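Undergrad: Hey, dropping start-v8.cif in here, mmCIF, C-alpha atoms:
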```cif
data_run
#
loop_
_atom_site.group_PDB
_atom_site.id
_atom_site.type_symbol
_atom_site.label_atom_id
_atom_site.label_comp_id
_atom_site.auth_asym_id
_atom_site.auth_seq_id
_atom_site.Cartn_x
_atom_site.Cartn_y
_atom_site.Cartn_z
ATOM 1 C CA MET A 221 0.000 0.000 0.000
ATOM 2 C CA ASP A 222 1.247 3.400 -0.875
ATOM 3 C CA THR A 223 1.341 5.420 2.330
ATOM 4 C CA ARG A 224 2.570 8.620 0.780
ATOM 5 C CA SER A 225 0.301 11.473 1.517
ATOM 6 C CA PRO A 226 -0.835 13.413 -1.460
ATOM 7 C CA PHE A 227 0.106 16.450 0.576
ATOM 8 C CA SER A 228 3.680 15.410 1.160
ATOM 9 C CA PRO A 229 6.335 17.756 -0.185
ATOM 10 C CA ALA A 230 7.077 15.417 -3.082
ATOM 11 C CA ALA A 231 3.519 15.745 -4.295
ATOM 12 C CA GLN A 232 3.446 19.536 -4.187
ATOM 13 C CA PRO A 233 3.348 21.165 -7.551
ATOM 14 C CA GLU A 234 6.503 22.854 -8.632
ATOM 15 C CA THR A 235 6.267 26.554 -8.963
ATOM 16 C CA LYS A 236 7.341 27.807 -12.346
ATOM 17 C CA SER A 237 7.421 31.352 -13.494
ATOM 18 C CA VAL A 238 5.360 31.701 -16.643
ATOM 19 C CA ARG A 239 6.651 34.283 -19.053
ATOM 20 C CA THR A 240 4.200 36.261 -21.087
ATOM 21 C CA PRO A 241 5.530 36.238 -24.638
ATOM 22 C CA SER A 242 6.778 39.657 -25.525
ATOM 23 C CA TRP A 243 6.274 41.486 -28.771
ATOM 24 C CA ARG A 244 8.110 44.330 -30.337
ATOM 25 C CA VAL A 245 7.240 47.420 -32.249
ATOM 26 C CA VAL A 246 9.403 47.759 -35.351
ATOM 27 C CA PHE A 247 9.519 51.016 -37.246
ATOM 28 C CA LEU A 248 10.246 50.704 -40.980
ATOM 29 C CA ASN A 249 11.922 53.465 -42.937
ATOM 30 C CA ASP A 250 10.209 55.094 -45.916
ATOM 31 C CA ALA A 251 11.329 57.533 -48.587
ATOM 32 C CA VAL A 252 8.636 60.104 -47.901
ATOM 33 C CA SER A 253 8.720 60.966 -44.201
ATOM 34 C CA ARG A 254 11.223 63.656 -43.308
ATOM 35 C CA MET A 255 13.636 63.046 -40.456
ATOM 36 C CA THR A 256 12.193 65.909 -38.403
ATOM 37 C CA TYR A 257 8.725 64.467 -38.855
ATOM 38 C CA VAL A 258 9.783 60.995 -37.722
ATOM 39 C CA VAL A 259 11.485 62.430 -34.632
ATOM 40 C CA LEU A 260 8.383 64.450 -33.801
ATOM 41 C CA VAL A 261 6.098 61.438 -34.121
ATOM 42 C CA LEU A 262 8.335 59.118 -32.082
ATOM 43 C CA ARG A 263 8.482 61.720 -29.319
ATOM 44 C CA LYS A 264 4.741 62.218 -29.458
ATOM 45 C CA VAL A 265 3.726 58.554 -29.510
ATOM 46 C CA PHE A 266 6.347 57.037 -27.183
ATOM 47 C CA GLY A 267 7.289 60.053 -25.095
ATOM 48 C CA PHE A 268 10.948 59.661 -26.093
ATOM 49 C CA ASP A 269 13.301 62.559 -25.519
ATOM 50 C CA GLU A 270 14.725 64.140 -28.654
ATOM 51 C CA THR A 271 18.033 62.232 -28.465
ATOM 52 C CA THR A 272 16.384 58.814 -28.161
ATOM 53 C CA ALA A 273 13.932 59.574 -30.946
ATOM 54 C CA THR A 274 16.790 60.740 -33.172
ATOM 55 C CA VAL A 275 18.795 57.567 -32.502
ATOM 56 C CA HIS A 276 15.818 55.401 -33.504
ATOM 57 C CA MET A 277 15.159 57.544 -36.587
ATOM 58 C CA ARG A 278 18.793 57.254 -37.697
ATOM 59 C CA GLU A 279 18.842 53.518 -37.099
ATOM 60 C CA ALA A 280 15.785 53.070 -39.318
ATOM 61 C CA HIS A 281 17.214 55.423 -41.921
ATOM 62 C CA GLU A 282 20.497 53.503 -42.079
ATOM 63 C CA HIS A 283 19.287 49.932 -41.593
ATOM 64 C CA GLY A 284 15.696 50.117 -42.838
ATOM 65 C CA ARG A 285 14.185 49.256 -39.451
ATOM 66 C CA ALA A 286 14.436 50.075 -35.774
ATOM 67 C CA ILE A 287 12.996 48.330 -32.724
ATOM 68 C CA LEU A 288 11.163 50.977 -30.739
ATOM 69 C CA TRP A 289 9.570 49.095 -27.897
ATOM 70 C CA VAL A 290 9.256 45.574 -26.432
ATOM 71 C CA GLY A 291 6.429 44.359 -24.206
ATOM 72 C CA PRO A 292 2.930 42.896 -24.097
ATOM 73 C CA ARG A 293 1.232 42.394 -27.442
ATOM 74 C CA GLU A 294 -1.810 44.546 -26.724
ATOM 75 C CA ARG A 295 0.274 47.580 -25.921
ATOM 76 C CA ALA A 296 2.615 46.958 -28.847
ATOM 77 C CA GLU A 297 -0.402 46.937 -31.164
ATOM 78 C CA ALA A 298 -1.693 50.149 -29.631
ATOM 79 C CA TYR A 299 1.653 51.810 -30.376
ATOM 80 C CA VAL A 300 1.586 50.575 -33.970
ATOM 81 C CA PHE A 301 -1.954 51.867 -34.383
ATOM 82 C CA SER A 302 -0.835 55.297 -33.188
ATOM 83 C CA LEU A 303 2.142 55.299 -35.556
ATOM 84 C CA ARG A 304 -0.170 54.347 -38.395
ATOM 85 C CA GLN A 305 -2.404 57.308 -37.593
ATOM 86 C CA TRP A 306 0.683 59.422 -38.262
ATOM 87 C CA HIS A 307 1.319 57.455 -41.495
ATOM 88 C CA LEU A 308 4.524 55.849 -40.354
ATOM 89 C CA MET A 309 5.118 52.235 -41.323
ATOM 90 C CA ALA A 310 5.430 50.033 -38.257
ATOM 91 C CA ILE A 311 4.725 46.415 -37.486
ATOM 92 C CA VAL A 312 4.355 44.203 -34.436
ATOM 93 C CA GLU A 313 6.364 41.002 -34.358
ATOM 94 C CA PRO A 314 7.225 38.379 -31.727
ATOM 95 C CA ASN A 315 10.328 39.346 -29.810
ATOM 96 C CA GLU A 316 12.208 36.192 -30.661
ATOM 97 C CA LYS A 317 14.162 36.947 -33.768
ATOM 98 C CA GLY A 318 17.739 38.079 -33.458
ATOM 99 C CA MET B 161 -3.254 80.816 -28.911
ATOM 100 C CA LYS B 162 -0.251 80.781 -31.215
ATOM 101 C CA ARG B 163 -1.234 81.215 -34.834
ATOM 102 C CA VAL B 164 0.888 80.961 -37.938
ATOM 103 C CA GLU B 165 -0.353 82.642 -41.091
ATOM 104 C CA ILE B 166 1.147 81.724 -44.422
ATOM 105 C CA ARG B 167 0.703 83.944 -47.421
ATOM 106 C CA LEU B 168 0.635 81.960 -50.646
ATOM 107 C CA ASP B 169 0.912 83.028 -54.246
ATOM 108 C CA LEU B 170 -2.425 82.112 -55.747
ATOM 109 C CA THR B 171 -0.983 81.805 -59.245
ATOM 110 C CA ASN B 172 1.384 79.082 -58.094
ATOM 111 C CA VAL B 173 -0.857 77.317 -55.612
ATOM 112 C CA ALA B 174 -4.223 77.255 -57.406
ATOM 113 C CA PRO B 175 -3.113 74.711 -60.059
ATOM 114 C CA LEU B 176 -1.918 72.388 -57.309
ATOM 115 C CA LEU B 177 -5.249 72.371 -55.512
ATOM 116 C CA ASP B 178 -6.725 70.154 -58.213
ATOM 117 C CA VAL B 179 -3.979 67.621 -57.542
ATOM 118 C CA LEU B 180 -4.663 67.751 -53.800
ATOM 119 C CA LYS B 181 -8.401 67.404 -54.318
ATOM 120 C CA SER B 182 -8.041 64.387 -56.598
ATOM 121 C CA ALA B 183 -5.578 62.805 -54.144
ATOM 122 C CA SER B 184 -8.105 63.401 -51.382
ATOM 123 C CA ASP B 185 -10.849 61.772 -53.462
ATOM 124 C CA ALA B 186 -8.630 58.803 -54.283
ATOM 125 C CA LEU B 187 -7.995 58.251 -50.574
ATOM 126 C CA ALA B 188 -11.662 58.403 -49.597
ATOM 127 C CA HIS B 189 -11.859 54.640 -49.114
ATOM 128 C CA ARG B 190 -8.279 53.553 -48.726
ATOM 129 C CA LEU B 191 -5.202 54.235 -46.677
ATOM 130 C CA ALA B 192 -2.284 56.230 -48.019
ATOM 131 C CA LEU B 193 -0.068 53.608 -46.439
ATOM 132 C CA PRO B 194 -1.556 50.126 -46.911
ATOM 133 C CA LEU B 195 -2.070 48.168 -43.714
ATOM 134 C CA GLU B 196 0.396 45.324 -43.441
ATOM 135 C CA MET B 197 -0.103 43.535 -40.157
ATOM 136 C CA PRO B 198 0.431 39.779 -40.622
ATOM 137 C CA HIS B 199 -0.093 39.068 -36.920
ATOM 138 C CA LEU B 200 -3.436 40.819 -36.725
ATOM 139 C CA ASP B 201 -6.577 38.681 -37.008
ATOM 140 C CA PRO B 202 -8.884 39.532 -39.963
ATOM 141 C CA ASP B 203 -11.610 41.152 -37.818
ATOM 142 C CA SER B 204 -9.166 43.408 -36.031
ATOM 143 C CA LYS B 205 -7.498 44.238 -39.319
ATOM 144 C CA GLU B 206 -10.798 45.351 -40.781
ATOM 145 C CA LEU B 207 -11.531 47.466 -37.699
ATOM 146 C CA TRP B 208 -8.083 49.062 -37.824
ATOM 147 C CA ASN B 209 -8.481 49.762 -41.513
ATOM 148 C CA ASP B 210 -11.855 51.477 -41.029
ATOM 149 C CA ASP B 211 -10.668 53.527 -38.051
ATOM 150 C CA LEU B 212 -7.460 54.587 -39.782
ATOM 151 C CA ILE B 213 -9.303 55.597 -42.962
ATOM 152 C CA ALA B 214 -11.761 57.678 -40.898
ATOM 153 C CA SER B 215 -8.915 59.387 -39.052
ATOM 154 C CA GLN B 216 -6.947 59.960 -42.266
ATOM 155 C CA ASN B 217 -9.928 61.474 -44.075
ATOM 156 C CA GLN B 218 -10.869 63.734 -41.197
ATOM 157 C CA ASP B 219 -7.347 65.188 -41.280
ATOM 158 C CA ILE B 220 -7.327 65.571 -45.068
ATOM 159 C CA ASP B 221 -10.778 67.218 -45.098
ATOM 160 C CA GLY B 222 -9.465 69.762 -42.602
ATOM 161 C CA LEU B 223 -6.527 70.582 -44.852
ATOM 162 C CA ILE B 224 -8.609 70.856 -48.028
ATOM 163 C CA LYS B 225 -11.055 73.177 -46.244
ATOM 164 C CA LEU B 226 -8.252 75.662 -45.634
ATOM 165 C CA PHE B 227 -8.323 76.418 -49.345
ATOM 166 C CA ASN B 228 -11.812 77.894 -49.263
ATOM 167 C CA ARG B 229 -13.295 81.110 -50.642
ATOM 168 C CA GLU B 230 -11.520 83.125 -47.986
ATOM 169 C CA PHE B 231 -8.201 81.725 -49.158
ATOM 170 C CA PHE B 232 -8.939 82.835 -52.721
ATOM 171 C CA ARG B 233 -9.750 86.294 -51.371
ATOM 172 C CA GLU B 234 -6.967 86.673 -48.816
ATOM 173 C CA GLU B 235 -4.354 84.282 -50.274
ATOM 174 C CA THR B 236 -3.563 83.228 -46.721
ATOM 175 C CA ILE B 237 -3.965 80.042 -44.723
ATOM 176 C CA ALA B 238 -3.548 79.763 -40.973
ATOM 177 C CA PHE B 239 -2.396 77.079 -38.593
ATOM 178 C CA ASP B 240 -2.712 77.092 -34.842
ATOM 179 C CA GLU B 241 -2.560 74.819 -31.809
ATOM 180 C CA ALA B 242 -5.973 73.422 -32.625
ATOM 181 C CA ASN B 243 -5.292 72.231 -36.155
ATOM 182 C CA ALA B 244 -1.495 71.796 -36.314
ATOM 183 C CA GLU B 245 -1.442 68.099 -35.457
ATOM 184 C CA ALA B 246 -4.133 67.133 -37.961
ATOM 185 C CA MET B 247 -2.606 69.287 -40.699
ATOM 186 C CA VAL B 248 0.843 67.744 -40.277
ATOM 187 C CA ARG B 249 -0.712 64.271 -40.542
ATOM 188 C CA ALA B 250 -2.803 65.279 -43.566
ATOM 189 C CA CYS B 251 0.317 66.516 -45.355
ATOM 190 C CA SER B 252 1.942 63.134 -44.726
ATOM 191 C CA ALA B 253 -1.019 61.153 -46.023
ATOM 192 C CA LEU B 254 -1.233 63.179 -49.226
ATOM 193 C CA LYS B 255 2.547 63.108 -49.722
ATOM 194 C CA LEU B 256 2.532 59.320 -49.426
ATOM 195 C CA TYR B 257 -0.252 59.031 -51.957
ATOM 196 C CA LEU B 258 1.466 61.353 -54.456
ATOM 197 C CA PHE B 259 4.783 59.587 -54.020
ATOM 198 C CA ASN B 260 3.391 56.078 -54.445
ATOM 199 C CA GLU B 261 1.132 57.053 -57.325
ATOM 200 C CA TYR B 262 3.439 59.283 -59.377
ATOM 201 C CA LEU B 263 6.957 59.577 -58.005
ATOM 202 C CA ALA B 264 8.008 56.140 -56.804
ATOM 203 C CA ASP B 265 10.377 55.586 -59.722
ATOM 204 C CA LEU B 266 12.529 58.606 -58.881
ATOM 205 C CA ASP B 267 15.930 58.009 -57.375
ATOM 206 C CA GLU B 268 15.336 57.657 -53.640
ATOM 207 C CA GLU B 269 18.510 59.495 -52.638
ATOM 208 C CA ASP B 270 17.786 62.398 -54.969
ATOM 209 C CA PHE B 271 14.298 62.509 -53.617
ATOM 210 C CA GLU B 272 15.295 62.500 -49.965
ATOM 211 C CA SER B 273 17.951 65.163 -50.510
ATOM 212 C CA ASP B 274 15.690 67.382 -52.650
ATOM 213 C CA ASN B 275 17.964 66.940 -55.650
ATOM 214 C CA VAL B 276 15.283 65.968 -58.111
ATOM 215 C CA VAL B 277 15.746 67.821 -61.405
ATOM 216 C CA PHE B 278 12.342 69.122 -62.401
ATOM 217 C CA ASP B 279 13.090 68.968 -66.121
ATOM 218 C CA VAL B 280 13.651 65.216 -66.067
ATOM 219 C CA LEU B 281 10.178 64.582 -64.676
ATOM 220 C CA THR B 282 7.538 63.385 -67.078
ATOM 221 C CA GLU B 283 4.547 65.607 -67.692
ATOM 222 C CA ARG B 284 2.440 63.230 -65.598
ATOM 223 C CA GLN B 285 4.849 63.677 -62.671
ATOM 224 C CA GLN B 286 5.374 67.430 -62.723
ATOM 225 C CA LYS B 287 2.257 68.721 -60.989
ATOM 226 C CA PRO B 288 2.179 65.902 -58.414
ATOM 227 C CA TYR B 289 5.828 66.660 -57.639
ATOM 228 C CA LEU B 290 5.085 70.351 -57.137
ATOM 229 C CA ALA B 291 2.095 69.440 -54.979
ATOM 230 C CA PHE B 292 4.311 67.087 -52.971
ATOM 231 C CA MET B 293 6.890 69.837 -52.404
ATOM 232 C CA PHE B 294 4.154 72.281 -51.473
ATOM 233 C CA LEU B 295 2.817 69.891 -48.812
ATOM 234 C CA ASP B 296 6.341 69.199 -47.647
ATOM 235 C CA THR B 297 6.964 72.905 -47.148
ATOM 236 C CA LEU B 298 3.686 73.405 -45.306
ATOM 237 C CA GLN B 299 4.557 70.509 -43.042
ATOM 238 C CA LYS B 300 8.000 71.925 -42.299
ATOM 239 C CA VAL B 301 6.603 75.370 -41.493
ATOM 240 C CA ILE B 302 3.974 73.952 -39.128
ATOM 241 C CA MET B 303 6.554 71.797 -37.351
ATOM 242 C CA ARG B 304 9.023 74.669 -37.090
ATOM 243 C CA HIS B 305 6.514 76.939 -35.381
ATOM 244 C CA LEU B 306 4.124 74.589 -33.602
ATOM 245 C CA ASN B 307 6.292 71.591 -32.716
ATOM 246 C CA ASP B 308 5.962 72.150 -28.963
ATOM 247 C CA PHE B 309 2.185 72.426 -29.132
ATOM 248 C CA ILE B 310 1.954 69.190 -31.095
ATOM 249 C CA LEU B 311 4.094 67.427 -28.505
ATOM 250 C CA GLU B 312 2.134 68.795 -25.555
ATOM 251 C CA ASN B 313 -1.331 68.358 -27.025
#
```
Could I get this file's structure written as structure tokens?
TA:
Amino acid sequence: MDTRSPFSPAAQPETKSVRTPSWRVVFLNDAVSRMTYVVLVLRKVFGFDETTATVHMREAHEHGRAILWVGPRERAEAYVFSLRQWHLMAIVEPNEKG
Amino acid sequence: MKRVEIRLDLTNVAPLLDVLKSASDALAHRLALPLEMPHLDPDSKELWNDDLIASQNQDIDGLIKLFNREFFREETIAFDEANAEAMVRACSALKLYLFNEYLADLDEEDFESDNVVFDVLTERQQKPYLAFMFLDTLQKVIMRHLNDFILEN
């Protein structure tokens, strides 16, 4: 007969931290939007200071894309929606690629 | 309230208003920048599309209305804290449309550095290009004078 109590330590469930998958907001460069406009919009939508917004703008200008924000999907989508209202190209993607 | 008045030369601007009006009409039911969101489910995508088109067209209507009878009388348009944000967005939407529809084959570097030679443009491209540059200038002027209000709004 198995005398082990179901409440013995061995039977206790292990506690695991469950990570919510994170998503990222990626800004894509375009030929039409002026640099000053992009900086203005990034400051407006994300609350970046001018230096941070300029760094992101330059990164997108030079490499075609810049990661602006990482976090929960719902909020990432809200940011992309706001950027789209300003006619900037941005996408949400899982934060798993290199 | 801070207000910026811009005096425009009617002879130069009037021919461009037709281009802006037809761009506005063309965008009545579509986005200047097509929605590409592969991770969005179809229902949400449709909702986003509708909301973004409504927002885009509200901004563009506001810009087009600046060129009313009063403009033809006074040759002046005005921007202030109340309309600056929408006008800057409207300029972007119309610029995107004009670029994608007429100017996309121009050299990107020339375009970004304002080095496009007008004489090499085709007849079909000339007025849209002038309209694009007009919107670009308006946008720059608004941002130069009302940047802080847009950020704080």
Undergrad: With the cut-off set at 8 Å and counting all atoms listed in the file, tabulate each residue of chain B with an atom at most that distance from an atom of chain A, showing the nearest atom pair and its distance in Å to one decimal, ordered by chain and increasing number, as JSON lines.
TA:
```
{"residue": "B:Ala192", "atom": "CA", "partner": "A:His307", "partner_atom": "CA", "distance": 7.6}
{"residue": "B:Leu193", "atom": "CA", "partner": "A:His307", "partner_atom": "CA", "distance": 6.4}
{"residue": "B:Glu196", "atom": "CA", "partner": "A:Ile311", "partner_atom": "CA", "distance": 7.4}
{"residue": "B:Met197", "atom": "CA", "partner": "A:Ile311", "partner_atom": "CA", "distance": 6.2}
{"residue": "B:His199", "atom": "CA", "partner": "A:Glu313", "partner_atom": "CA", "distance": 7.2}
{"residue": "B:Trp208", "atom": "CA", "partner": "A:Phe301", "partner_atom": "CA", "distance": 7.6}
{"residue": "B:Leu212", "atom": "CA", "partner": "A:Gln305", "partner_atom": "CA", "distance": 6.1}
{"residue": "B:Ser215", "atom": "CA", "partner": "A:Gln305", "partner_atom": "CA", "distance": 7.0}
{"residue": "B:Gln216", "atom": "CA", "partner": "A:Gln305", "partner_atom": "CA", "distance": 7.0}
{"residue": "B:Arg249", "atom": "CA", "partner": "A:Trp306", "partner_atom": "CA", "distance": 5.5}
{"residue": "B:Ser252", "atom": "CA", "partner": "A:His307", "partner_atom": "CA", "distance": 6.6}
{"residue": "B:Ala253", "atom": "CA", "partner": "A:His307", "partner_atom": "CA", "distance": 6.3}
{"residue": "B:Lys255", "atom": "CA", "partner": "A:Val252", "partner_atom": "CA", "distance": 7.0}
{"residue": "B:Leu256", "atom": "CA", "partner": "A:Val252", "partner_atom": "CA", "distance": 6.3}
{"residue": "B:Phe259", "atom": "CA", "partner": "A:Val252", "partner_atom": "CA", "distance": 7.2}
{"residue": "B:Glu268", "atom": "CA", "partner": "A:Ala251", "partner_atom": "CA", "distance": 6.5}
{"residue": "B:Phe271", "atom": "CA", "partner": "A:Ala251", "partner_atom": "CA", "distance": 7.7}
{"residue": "B:Glu272", "atom": "CA", "partner": "A:Ala251", "partner_atom": "CA", "distance": 6.5}
{"residue": "B:Met303", "atom": "CA", "partner": "A:Tyr257", "partner_atom": "CA", "distance": 7.8}
{"residue": "B:Asn307", "atom": "CA", "partner": "A:Leu260", "partner_atom": "CA", "distance": 7.5}
{"residue": "B:Ile310", "atom": "CA", "partner": "A:Lys264", "partner_atom": "CA", "distance": 7.7}
{"residue": "B:Leu311", "atom": "CA", "partner": "A:Lys264", "partner_atom": "CA", "distance": 5.3}
```
Undergrad: Quick one: pull the distance between CA of Arg285 in chain A and CA of Val259 in chain A, Å, one decimal.
TA: 14.3 Å
Undergrad: As a list of chain:residue names, please: the residues near Met247 in chain B (cut-off 6 Å, all atoms listed in the file, same-chain neighbours under 3 positions excluded).
TA: B:Leu223, B:Ala244, B:Ala250
Undergrad: I need the residues from that last selection saved to file as a short mmCIF file (atom, residue, chain, number, x, y, z; two decimals), keeping the file's coordinate frame (with C-alpha atoms), if you can.
TA:
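As written to disk, again_23.cif reads:
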```
data_model
loop_
_atom_site.label_atom_id
_atom_site.label_comp_id
_atom_site.auth_asym_id
_atom_site.auth_seq_id
_atom_site.Cartn_x
_atom_site.Cartn_y
_atom_site.Cartn_z
CA LEU B 223 -6.53 70.58 -44.85
CA ALA B 244 -1.50 71.80 -36.31
CA ALA B 250 -2.80 65.28 -43.57
#
```
Undergrad: Would you pick out the contacts of Leu170 in chain B at 8 Å or less, using all atoms listed in the file, so that residues sharing its chain but fewer than 3 positions from it are not included, and give the list as a list of chain:residue names?
TA: B:Val173, B:Ala174, B:Phe232, B:Glu235
Undergrad: Contacts of Leu258 in chain B at 9 Å or less, counting all atoms listed in the file, minus same-chain residues fewer than 5 places along, as a list of chain:residue names?
TA: B:Val179, B:Leu180, B:Ala183, B:Ala253, B:Leu263, B:Ala264, B:Pro288, B:Tyr289, B:Ala291, B:Phe292
Undergrad: Starting from the shown file, work through the PyMOL selection byres ((chain B and resi 221) around 12) and note down what comes out as a ChimeraX atom specification.
TA: /B:180-181,183-185,187-188,213-220,222-228,243,246-247,249-251,253-254
Undergrad: So how many Å separate CA of Arg244 in chain A and CA of Ala280 in chain A, to one decimal?
TA: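 These atoms are spaced 14.7 Å apart.
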Undergrad: Work out how far CA of Lys287 in chain B is from CA of Leu266 in chain B, in Å to one decimal.
TA: 14.6 Å
Undergrad: Write out as a VMD selection string the residues lying within 6 Å of range 286-290 of chain A, counting all atoms listed in the file and excluding same-chain residues fewer than 3 positions away.
TA: chain A and resid 243 to 247 276 279 to 280
Undergrad: If you apply the PyMOL selection byres ((chain B and resi 237) around 9) to this file, what residues do you get, as a tab-separated table (two decimals) with C-alpha atoms, keeping the file's coordinate frame?
TA:
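This went into out.tsv:
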```
chain	number	residue	atom	x	y	z
B	164	VAL	CA	0.89	80.96	-37.94
B	165	GLU	CA	-0.35	82.64	-41.09
B	166	ILE	CA	1.15	81.72	-44.42
B	167	ARG	CA	0.70	83.94	-47.42
B	168	LEU	CA	0.64	81.96	-50.65
B	226	LEU	CA	-8.25	75.66	-45.63
B	227	PHE	CA	-8.32	76.42	-49.34
B	230	GLU	CA	-11.52	83.12	-47.99
B	231	PHE	CA	-8.20	81.72	-49.16
B	234	GLU	CA	-6.97	86.67	-48.82
B	235	GLU	CA	-4.35	84.28	-50.27
B	236	THR	CA	-3.56	83.23	-46.72
B	238	ALA	CA	-3.55	79.76	-40.97
B	239	PHE	CA	-2.40	77.08	-38.59
```
Undergrad: Name every residue that the PyMOL selection byres ((chain A and resi 242) around 6) selects in this structure, writing the answer as a PyMOL selection string with chains first and numbers rising.
TA: chain A and resi 241+243+291-292+315
Undergrad: Which of these residues is nearest to Asp308 in chain B, using all atoms listed in the file: A:Glu270, A:Ala298, A:Arg239, A:Val275?
TA: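 Under the stated criterion, the closest residue is A:Glu270.
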